[in-house]
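Okay, so here's the structure we're looking at.
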Amino acid sequence: MSSSLLPLPLLLLVLLLSTVQSEKQSKLKTDYYKKSCPNFGKIIQEVITDKQLAVPTTAAGALRLFFHDCVVGGCDASLLLGSSPISPASERDHEINHSLPGDAFDVVIRAKTRLELECPGVVSCSDVLAEATRDLITMVGGPFYPVPLGRLDSHEPHASKIEGHIATPNMSLTKIIDMFSAKGFSVQEMVALSGAHTVGFSHCSEFANRIFNFSATEDHDPTMNPDYVDGLRKLCVNYKTDPTMAAFNDPMSPGKFDNTYFVNLQNGLGLLASDQILALDPRTKPFVDSYAKDQTKFFQDFAKAMEKVGNLDIKTGDKGEVRKRCDTPNTTKFHS
């Protein structure tokens with residue numbers, strides 16, 4: 001046997017795992033609820049429209065909620081589970097998820113409540129979150145992309161798996177690239193997904209080290225536009241006593257999903273260190289420049305990457321369930 005060929009047992013295992021993953025994804029269909037809950041799409045649209053009009057930051061919050069859920073244990077709504085005496089450790093209670101806005105959780109709960117009245121026990125919370133996120137992105141100007149449906153919800157949270165799966169504002173670019181690569185995402189896909197920061201906001205504590213006493217020789221991060229720094233300092237002057245102080249990720253068009261985020265990076269207007277580095281590092285700069293120049297290209301790549309995110313570790317069969325309430329499993333078996 002040639003040394004370039006896998007041993008037969010290992011080859012069979014690889015083929016089996018590939019087949020299992022393919023079968024999981026093939027069970028997802030955009031018209032999954034056509035017969036079992038024909039008003040699914042209409043109900044989602046009505047709920048997200050009302051919520052976004054009432055709270056304009058809902059779209060950005062839902063997008064973050066969706067991503068944080070999918071990259072930790074898969075797209076299974078595990079992040080929606082609350083803590084309980086049986087499982088005191090929930091993903092939602094982890095420090096990295098403290099900044100997820102309540103309105104993002106609320107829009108899912110509202111939609112799920114409506115759907116339970118219309119078609120009880122049919123639509124999973126993970127499908128509600130996936131569909132609502134796409135519709136909200138589209139509502140604020142972003143690209144439309146197909147959302148295959150039929151995911152099941154997890155029986156338990158994945159609190160112990162959070163570390164090393166979600167990027168933080170001051171994480172090195174190499175570590176972020178490696179983190180995405182481990183989930184099958186290229187550098188280009190990672191940059192495209194970072195464009196989600198064209199909407200939403202970040203708390204001052206997440207970037208204060210860039211605008212106050214940056215180093216022994218610099219009072220602010222020299223990669224930042226000085227006028228931008230001055231404005232942020234005024235905004236965040238009391239951030240230590242008021243932790244709710246925040247700034248828009250995109251100061252130019254904060255409520256619109258567009259490619260301005262990448263133009264901002266070229267001009268030193270990246271809010272987070274992990275954003276600004278994308279325009280400086282040779283591994284990512286070409287993609288930033290491309291997206292800054294061509295919004296259509298950004299939308300195309302972002303949409304494809306979001307479809308890929310939505311297929312991460314799908315639960316099927318006895319690996320999941322359709323929760324009646326998004327914050328509570330149907331059974332009492334779950335544990336952290």
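Chain identifiers are assigned as A, B, and so on, following the order in which chains appear in the structure tokens; residues are numbered from 1 within each chain, and ligands are numbered from 1 in order of appearance.
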Item to check | Selection near A:Ala305, 9 Å with only C-alpha atoms, sequence-local residues under 5 positions removed, as a PyMOL selection string | outcome: chain A and resi 185+189-190+192-193+300+310
Checklist entry - DSSP on the backbone: what in stretch 190-229 of chain A comes out helix (DSSP H, G or I), as a PyMOL selection string? => result chain A and resi 190-198+204-206+208-211+226-229
Selected residues, C-alpha atoms, written as a CSV table (one decimal), in the first residue's frame, please.
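Final output, selection_10.csv:
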```
chain,number,residue,atom,x,y,z
A,190,MET,CA,-13.1,35.5,9.0
A,191,VAL,CA,-12.6,39.0,7.6
A,192,ALA,CA,-16.1,38.9,5.9
A,193,LEU,CA,-17.7,37.8,9.2
A,194,SER,CA,-15.9,40.6,11.0
A,195,GLY,CA,-17.9,42.9,8.8
A,196,ALA,CA,-20.8,42.2,11.1
A,197,HIS,CA,-19.4,45.0,13.2
A,198,THR,CA,-20.8,47.4,10.7
A,204,CYS,CA,-16.1,51.4,26.6
A,205,SER,CA,-14.3,48.9,28.8
A,206,GLU,CA,-13.6,46.8,25.7
A,208,ALA,CA,-10.5,51.9,27.0
A,209,ASN,CA,-7.0,50.6,26.9
A,210,ARG,CA,-6.6,52.0,23.4
A,211,ILE,CA,-7.7,55.6,24.3
A,226,PRO,CA,-6.6,61.2,16.8
A,227,ASP,CA,-10.0,63.0,16.3
A,228,TYR,CA,-11.7,59.7,16.8
A,229,VAL,CA,-9.8,59.2,20.0
```
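Here atom CA of A:Gly268 is placed at a distance of 22.2 Å from atom CA of A:Tyr239.
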Checklist entry - Which is closer to A:Thr284 than all the others in A:Ser215, A:Pro243, A:Leu173, A:Gly141, using only C-alpha atoms? => result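 Looking only at the distances to A:Thr284, the closest residue turns out to be A:Leu173.
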Checklist entry - Using only C-alpha atoms, which residues sit within 12 Å of A:Pro101 once same-chain residues fewer than 4 positions away are excluded, as a PyMOL selection string? => result chain A and resi 55-65+92+97+105-107+200-203+244
Checklist entry - From the list A:Cys125, A:Tyr291, A:Leu149, A:Ile166, which residue is nearest A:Lys34 when using only C-alpha atoms? => result A:Leu149
Item to check | Residue contacts of A:Ser36 (9 Å, only C-alpha atoms) excluding same-chain residues fewer than 2 positions away, as a count of residues only | outcome: 7
Checklist outcome for this item: Closest of A:Leu81, A:Ile43, A:Phe207, A:Arg233 to A:Asn330, counting only C-alpha atoms, is A:Leu81
Next on the checklist: List the spatial neighbours of A:Glu307 as JSON, numbers by chain - criterion: any atom at most 12 Å away, only C-alpha atoms, same-chain residues fewer than 2 positions off excluded.
Outcome noted: {"A": [25, 28, 30, 66, 67, 70, 75, 130, 131, 133, 134, 143, 144, 145, 146, 147, 148, 149, 185, 189, 193, 300, 301, 302, 303, 304, 305, 309, 310, 311, 312]}
Item to check | Å distance separating atom CA of A:Asp281 from atom CA of A:Thr174, one decimal place | outcome: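 Separation of atom CA of A:Asp281 and atom CA of A:Thr174: 10.0 Å.
Coordinates place atom CA of A:Glu118 at a distance of 18.5 Å from atom CA of A:Thr49.
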Next on the checklist: With distances taken over only C-alpha atoms, which residue among A:Ser290, A:Gln45, A:Gln266, A:Ser274 lies nearest A:Met139?
Outcome noted: A:Gln45
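Among the candidate residues A:Gly320, A:Gly102, A:Gly184, A:Gly270, the one lying nearest to A:Lys51 is A:Gly102, with distances computed using only C-alpha atoms.
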